[in-house]
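Participant: Contents of data.csv (CSV, C-alpha atoms) are given next:
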chain,number,residue,atom,x,y,z
A,30,MET,CA,86.4,26.2,30.6
A,31,THR,CA,85.8,22.5,31.1
A,32,GLU,CA,88.4,20.2,29.5
A,33,VAL,CA,86.9,17.3,27.4
A,34,ALA,CA,88.4,13.9,28.3
A,35,ALA,CA,90.3,12.2,25.5
A,36,SER,CA,87.9,9.2,25.7
A,37,ASP,CA,85.0,11.6,24.9
A,38,GLN,CA,86.6,13.0,21.8
A,39,LEU,CA,85.5,11.4,18.5
A,40,LEU,CA,87.0,11.3,15.0
A,41,VAL,CA,84.1,10.7,12.8
A,42,VAL,CA,85.2,9.4,9.4
A,43,ILE,CA,82.4,9.4,6.9
A,44,ASP,CA,82.9,7.0,4.0
A,45,PRO,CA,82.2,8.6,0.5
A,46,VAL,CA,79.8,5.8,-0.4
A,47,ALA,CA,77.7,6.5,2.7
A,48,ARG,CA,77.5,10.2,1.7
A,49,ARG,CA,76.3,9.3,-1.8
A,50,THR,CA,73.8,6.6,-0.9
A,51,ASP,CA,72.1,8.0,2.2
A,52,GLY,CA,73.0,11.6,3.0
A,53,GLU,CA,70.1,12.0,5.4
A,54,SER,CA,71.3,9.1,7.7
A,55,VAL,CA,74.8,10.6,7.6
A,56,ARG,CA,73.4,14.0,8.7
A,57,ILE,CA,71.4,12.5,11.5
A,58,ALA,CA,74.4,10.5,12.8
A,59,LYS,CA,76.6,13.7,12.7
A,60,ASP,CA,73.9,15.6,14.7
A,61,VAL,CA,73.5,12.9,17.4
A,62,LEU,CA,77.3,12.4,17.8
A,63,SER,CA,78.1,16.1,17.9
A,64,ALA,CA,75.4,16.7,20.5
A,65,GLY,CA,76.9,14.1,22.8
A,66,ALA,CA,80.7,14.5,22.4
A,67,ALA,CA,83.4,16.7,21.0
A,68,THR,CA,83.7,15.6,17.4
A,69,LYS,CA,86.1,16.1,14.5
A,70,VAL,CA,84.4,15.2,11.2
A,71,CYS,CA,86.5,13.9,8.2
A,72,LEU,CA,85.1,13.6,4.7
A,73,PRO,CA,87.6,11.5,2.8
A,74,ASP,CA,87.1,11.2,-1.0
A,75,GLY,CA,88.8,7.9,-1.4
A,76,PRO,CA,90.8,5.1,0.3
A,77,GLU,CA,94.0,7.1,0.6
A,78,GLU,CA,92.4,10.0,2.4
A,79,PHE,CA,90.4,7.5,4.6
A,80,ALA,CA,93.7,5.9,5.7
A,81,ARG,CA,95.3,9.3,6.3
A,82,ALA,CA,92.4,10.5,8.5
A,83,LEU,CA,92.6,7.3,10.5
A,84,ALA,CA,96.3,7.5,10.9
A,85,ARG,CA,96.1,11.1,12.2
A,86,ARG,CA,93.4,10.5,14.8
A,87,GLY,CA,95.7,11.2,17.7
A,88,SER,CA,93.8,10.4,21.0
A,89,ARG,CA,90.4,10.7,19.4
A,90,ARG,CA,88.2,7.6,19.3
A,91,PRO,CA,87.5,6.6,15.6
A,92,VAL,CA,83.9,6.3,14.5
A,93,VAL,CA,83.3,5.0,11.0
A,94,VAL,CA,80.1,6.1,9.2
A,95,GLY,CA,79.7,3.6,6.3
A,96,ASP,CA,78.9,0.1,5.4
A,97,ASP,CA,80.6,-3.3,6.0
A,98,ARG,CA,83.4,-2.5,3.5
A,99,ALA,CA,84.3,0.7,5.3
A,100,LEU,CA,84.5,-1.2,8.6
A,101,LEU,CA,86.6,-3.9,7.1
A,102,ARG,CA,88.9,-1.2,5.6
A,103,ALA,CA,89.3,0.5,9.0
A,104,VAL,CA,90.1,-2.8,10.8
A,105,SER,CA,92.6,-3.8,8.0
A,106,LEU,CA,94.4,-0.4,8.2
A,107,LEU,CA,94.7,-0.6,12.0
A,108,HIS,CA,95.8,-4.2,11.8
A,109,ARG,CA,98.6,-3.3,9.4
A,110,GLN,CA,99.7,-0.5,11.6
A,111,ARG,CA,99.6,-2.9,14.6
A,112,GLU,CA,97.3,-0.5,16.5
A,113,LEU,CA,94.2,-2.7,16.9
A,114,ALA,CA,95.0,-3.7,20.4
A,115,ALA,CA,94.9,0.0,21.7
A,116,CYS,CA,92.0,1.2,19.5
A,117,ALA,CA,88.3,0.6,19.9
A,118,LEU,CA,86.3,1.2,16.8
A,119,SER,CA,82.8,2.4,16.5
A,120,LEU,CA,80.4,2.1,13.6
A,121,VAL,CA,77.3,3.8,12.3
A,122,PRO,CA,76.1,1.6,9.5
A,123,VAL,CA,75.1,3.5,6.4
A,124,GLY,CA,75.1,2.0,2.9
A,125,GLY,CA,73.8,-1.0,1.0
A,126,VAL,CA,76.0,-3.8,2.5
A,127,LEU,CA,75.2,-4.1,6.2
A,128,SER,CA,75.0,-7.9,6.9
A,129,LEU,CA,78.3,-7.9,8.7
A,130,ALA,CA,77.3,-5.0,10.9
A,131,ARG,CA,74.0,-6.8,11.8
A,132,SER,CA,75.8,-10.0,12.6
A,133,LEU,CA,78.2,-8.2,14.9
A,134,GLY,CA,75.3,-6.6,16.9
A,135,VAL,CA,75.6,-3.0,15.7
A,136,PRO,CA,72.2,-1.3,15.4
A,137,THR,CA,71.4,-0.4,11.8
A,138,GLY,CA,69.3,2.7,12.5
A,139,ALA,CA,71.3,6.0,12.4
A,140,VAL,CA,70.0,7.3,15.8
A,141,ALA,CA,70.3,3.9,17.6
A,142,ALA,CA,73.8,3.3,16.2
A,143,ALA,CA,75.0,6.9,17.1
A,144,ARG,CA,73.6,6.5,20.6
A,145,ALA,CA,75.5,3.2,20.9
A,146,VAL,CA,78.7,5.0,20.0
A,147,LEU,CA,78.1,7.5,22.9
A,148,ASP,CA,76.7,5.1,25.5
A,149,GLY,CA,77.9,1.7,24.5
A,150,ALA,CA,80.8,-0.4,25.7
A,151,GLU,CA,83.8,-1.9,23.9
A,152,ARG,CA,83.6,-5.6,23.2
A,153,ARG,CA,86.7,-7.5,22.2
A,154,MET,CA,86.3,-9.9,19.3
A,155,ASP,CA,88.3,-12.5,17.6
A,156,LEU,CA,90.0,-11.9,14.2
A,157,LEU,CA,91.0,-14.3,11.4
A,158,VAL,CA,94.4,-13.3,10.0
A,159,ASP,CA,95.7,-15.0,6.9
A,160,ASP,CA,99.3,-15.7,5.8
A,161,SER,CA,99.2,-12.6,3.5
A,162,ASP,CA,98.1,-10.4,6.4
A,163,GLY,CA,94.5,-10.1,5.3
A,164,VAL,CA,91.8,-10.1,7.9
A,165,VAL,CA,88.3,-11.6,8.3
A,166,LEU,CA,85.8,-10.2,10.8
A,167,GLY,CA,82.7,-12.2,10.2
A,168,ALA,CA,82.9,-15.2,7.9
A,169,LEU,CA,85.0,-16.9,5.3
A,170,ARG,CA,83.5,-19.0,2.5
A,171,ILE,CA,85.0,-21.2,-0.2
A,172,PRO,CA,84.3,-21.2,-3.1
A,173,SER,CA,82.9,-17.8,-3.7
A,174,LEU,CA,82.4,-17.1,-7.3
A,175,PRO,CA,79.3,-14.9,-8.0
A,176,SER,CA,77.0,-15.9,-10.9
A,177,PRO,CA,77.6,-14.0,-14.2
A,178,ALA,CA,74.3,-12.2,-13.6
A,179,ALA,CA,75.3,-11.1,-10.1
A,180,ALA,CA,78.7,-10.1,-11.2
A,181,ARG,CA,77.2,-7.9,-14.0
A,182,LEU,CA,74.9,-6.3,-11.5
A,183,ASP,CA,77.7,-5.6,-9.0
A,184,GLU,CA,79.8,-4.2,-11.8
A,185,ASP,CA,77.0,-1.9,-13.0
A,186,ALA,CA,76.3,-0.8,-9.4
A,187,GLY,CA,79.9,-0.1,-8.7
A,188,ALA,CA,80.3,2.0,-11.8
A,189,ASP,CA,77.1,3.9,-11.2
A,190,ALA,CA,78.0,4.6,-7.5
A,191,GLY,CA,81.0,6.8,-8.4
A,192,ALA,CA,79.5,8.5,-11.4
A,193,HIS,CA,78.0,12.0,-11.7
A,194,PRO,CA,74.2,11.8,-11.7
A,195,TRP,CA,74.0,13.0,-15.3
A,196,LEU,CA,76.5,10.3,-16.3
A,197,ARG,CA,74.5,7.6,-14.4
A,198,THR,CA,71.4,8.6,-16.3
A,199,CYS,CA,73.2,8.2,-19.6
A,200,GLN,CA,74.7,4.9,-18.5
A,201,SER,CA,71.3,3.6,-17.6
A,202,LEU,CA,69.8,4.7,-21.0
A,203,VAL,CA,72.7,3.0,-22.9
A,204,ARG,CA,72.1,-0.3,-21.0
A,205,THR,CA,68.4,-0.3,-21.9
A,206,LEU,CA,69.2,0.2,-25.6
A,207,VAL,CA,72.1,-2.3,-25.9
A,208,ALA,CA,70.8,-5.8,-26.5
A,209,ARG,CA,71.8,-8.3,-23.8
A,210,PRO,CA,71.9,-12.0,-24.0
A,211,PRO,CA,68.6,-13.8,-23.1
A,212,ARG,CA,68.2,-14.3,-19.3
A,213,LEU,CA,68.8,-17.8,-18.1
A,214,THR,CA,66.2,-19.5,-16.0
A,215,SER,CA,69.0,-20.5,-13.7
A,216,VAL,CA,72.7,-19.7,-13.6
A,217,PRO,CA,74.9,-22.6,-12.7
A,218,GLY,CA,77.2,-22.0,-9.7
A,219,PRO,CA,80.8,-23.2,-9.3
A,220,GLY,CA,81.3,-26.9,-9.4
A,221,PRO,CA,82.6,-29.1,-6.6
A,222,SER,CA,86.1,-28.4,-5.3
A,223,ARG,CA,88.8,-30.8,-4.3
A,224,LEU,CA,90.4,-29.3,-1.3
A,225,ARG,CA,92.4,-30.4,1.7
A,226,VAL,CA,91.1,-28.7,4.9
A,227,GLU,CA,93.2,-28.9,8.0
A,228,VAL,CA,92.3,-27.6,11.5
A,229,ASP,CA,95.2,-27.4,14.0
A,230,GLY,CA,97.1,-29.9,11.9
A,231,VAL,CA,94.3,-32.5,11.7
A,232,THR,CA,92.8,-33.2,8.3
A,233,VAL,CA,89.1,-32.7,8.2
A,234,VAL,CA,88.7,-33.5,4.5
A,235,ASP,CA,91.2,-34.5,1.8
A,236,LEU,CA,91.6,-34.1,-1.9
A,237,ASP,CA,89.8,-37.4,-2.6
A,238,GLN,CA,86.5,-36.0,-1.3
A,239,PRO,CA,84.9,-33.3,-3.4
A,240,VAL,CA,83.3,-30.5,-1.4
A,241,GLU,CA,80.6,-28.0,-2.1
A,242,THR,CA,81.5,-25.4,0.4
A,243,VAL,CA,83.9,-24.6,3.3
A,244,CYS,CA,82.8,-22.0,5.9
A,245,VAL,CA,85.0,-20.6,8.6
A,246,THR,CA,83.7,-18.2,11.3
A,247,PRO,CA,85.8,-16.7,14.1
A,248,GLY,CA,84.8,-15.9,17.7
A,249,PHE,CA,82.7,-18.8,18.9
A,250,SER,CA,82.2,-19.3,22.6
A,251,SER,CA,84.0,-22.7,22.4
A,252,GLY,CA,87.2,-20.9,21.5
A,253,GLY,CA,88.9,-20.5,18.1
A,254,ALA,CA,87.0,-20.6,14.8
A,255,GLU,CA,84.3,-22.9,13.7
A,256,VAL,CA,84.9,-24.8,10.5
A,257,GLU,CA,82.1,-26.4,8.5
A,258,VAL,CA,82.8,-28.5,5.4
A,259,ARG,CA,79.9,-29.7,3.2
A,260,PRO,CA,80.9,-32.7,1.1
A,261,VAL,CA,79.3,-33.3,-2.2
A,262,SER,CA,76.2,-35.5,-1.8
A,263,VAL,CA,76.1,-38.8,-3.7
A,264,GLY,CA,72.7,-40.3,-3.4
A,265,ALA,CA,71.8,-39.6,0.2
A,266,GLU,CA,72.6,-36.1,1.5
A,267,ALA,CA,76.1,-36.0,3.1
A,268,SER,CA,76.3,-34.6,6.6
A,269,PRO,CA,78.5,-31.5,7.1
A,270,LEU,CA,81.9,-32.0,8.8
A,271,ARG,CA,82.6,-29.6,11.7
A,272,ALA,CA,85.7,-28.7,13.7
A,273,VAL,CA,86.9,-26.0,16.0
A,274,GLY,CA,90.4,-24.7,16.1
A,275,HIS,CA,92.9,-21.8,16.0
A,276,ARG,CA,94.7,-22.5,12.7
A,277,VAL,CA,92.9,-23.4,9.5
A,278,THR,CA,94.8,-24.4,6.3
A,279,VAL,CA,93.0,-24.9,2.9
A,280,SER,CA,95.0,-26.2,-0.1
A,281,GLY,CA,94.4,-27.8,-3.5
A,282,ALA,CA,93.6,-26.6,-7.0
A,283,ASP,CA,93.3,-22.9,-7.5
A,284,PHE,CA,90.4,-21.5,-5.5
A,285,ARG,CA,88.8,-18.2,-4.7
A,286,TYR,CA,87.3,-17.3,-1.3
A,287,ARG,CA,85.0,-14.6,0.1
A,288,ALA,CA,86.3,-12.9,3.2
A,289,ASP,CA,83.4,-10.8,4.5
A,290,SER,CA,82.4,-8.8,1.5
A,291,VAL,CA,85.7,-9.2,-0.5
A,292,VAL,CA,86.5,-11.9,-3.0
A,293,ALA,CA,90.1,-12.9,-3.1
A,294,GLY,CA,92.3,-15.4,-5.0
A,295,PRO,CA,92.9,-17.6,-6.8
A,296,VAL,CA,95.4,-19.2,-4.5
A,297,ARG,CA,96.5,-22.8,-4.1
A,298,THR,CA,97.0,-22.7,-0.3
A,299,ARG,CA,96.0,-20.3,2.4
A,300,THR,CA,96.3,-20.4,6.2
A,301,TRP,CA,94.1,-18.4,8.6
A,302,THR,CA,95.0,-18.0,12.3
A,303,VAL,CA,92.6,-16.9,15.0
A,304,ARG,CA,93.8,-13.9,17.0
A,305,GLU,CA,91.6,-14.0,20.2
A,306,GLY,CA,90.2,-10.6,21.3
A,307,ALA,CA,92.3,-8.9,18.7
A,308,TRP,CA,90.0,-6.0,17.9
A,309,GLY,CA,87.4,-4.0,19.8
A,310,LEU,CA,84.0,-2.7,18.6
A,311,THR,CA,81.6,-0.4,20.6
A,312,LEU,CA,78.2,-2.1,21.0
A,313,PRO,CA,75.1,-1.3,23.0
A,314,VAL,CA,75.2,-2.3,26.6
A,315,GLY,CA,72.9,-5.2,27.7
Take the structure in the file and give it back as structure tokens.
Facilitator:
Amino acid sequence: MTEVAASDQLLVVIDPVARRTDGESVRIAKDVLSAGAATKVCLPDGPEEFARALARRGSRRPVVVGDDRALLRAVSLLHRQRELAACALSLVPVGGVLSLARSLGVPTGAVAAARAVLDGAERRMDLLVDDSDGVVLGALRIPSLPSPAAARLDEDAGADAGAHPWLRTCQSLVRTLVARPPRLTSVPGPGPSRLRVEVDGVTVVDLDQPVETVCVTPGFSSGGAEVEVRPVSVGAEASPLRAVGHRVTVSGADFRYRADSVVAGPVRTRTWTVREGAWGLTLPVG
């Protein structure tokens, strides 16, 4: 009997949201992966079981079947366990939030993504780690407060996603019967922020200059993270301020931020540090 190499053994962890939202893509991914490698499939029902399955992977290569939030959860767990350096992750994107997967170069079709898991190569990527041990894979944005309408839609979608189909039907009926406030033609976003942004100890913008947004993105070819600050325009449009560095500190009045798909805060100061090549993702070759 031929022994299967450890590198060819896969632990396929299928996120529960993926199973609920697109069972057909999940089935296709399992079939392709099982045909090409020795696989152990785990079907966790929640975050604790997800973490337990990942921790017990042994020598198997972990494959996450899920959306951006499932990938972020896996990277965060491995980071906290200090096992990112020795573990290359693979992703088959299934679900409704896939913008991070696309930006990282992961195919979004189930067959193409599963084939990339089997035939692709590991690519090391930079990671942003903050002073509370949180991680950012794709992009960081300040401020990040969704509009009331968007927040209500997110809340409704999140509640419906975990409910029994009969309960979802009842919830939908109740929402159609309960009067809602009239829809605004436009929902105002968060106002200007007064923040101090420092990159490698150099102040890019200070508290006396209101800003509209601050964006931080890791992994640029120039090294470190790219920081873009958009000051508030007074009269003529203000040009964005840009810097590249390995340590970014933002401070000022209480602010919230979006790290990939997660909104965090409020905080008064937060520092993000670039860890070069800190995590690996299997991507198509070429």
Participant: With only C-alpha atoms as the basis for distance, which of A:Gly294, A:Gly124, A:Gly274, A:Pro269 is at the shortest distance from Ala139 (chain A)?
Facilitator: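 Using only C-alpha atoms, Ala139 (chain A) sits closest to A:Gly124.
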Participant: Using all atoms listed in the file for the distances, tell me which of A:Asp148, A:Asp97, A:Glu241, A:Glu257 is nearest to Ser222 (chain A).
Facilitator: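 When distances to Ser222 (chain A) are compared using all atoms listed in the file, the smallest one comes from A:Glu241.
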Participant: At a cut-off of 9 Å, using all atoms listed in the file, what residues contact Gly65 (chain A)? Leave out same-chain residues fewer than 2 positions from it and give the result as a PyMOL selection string.
Facilitator: chain A and resi 37+60-63+67-68+144+147
Participant: Dig up all the protein and nucleic acid residues within 8 Å of (85.0, 6.6, 20.9) in the file frame, using all atoms listed in the file, and format them as a PyMOL selection string.
Facilitator: chain A and resi 36-40+89-92+117-119+146-147+311
Participant: Could you tell me how far CA of Arg170 (chain A) sits from CA of Arg111 (chain A), in Å to one decimal place?
Facilitator: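 Those two atoms sit 25.8 Å apart.
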Participant: Can you tell me how far CA of Thr302 (chain A) sits from CA of Gly248 (chain A), in Å to one decimal?
Facilitator: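 Distance reported for this atom pair: 11.7 Å.
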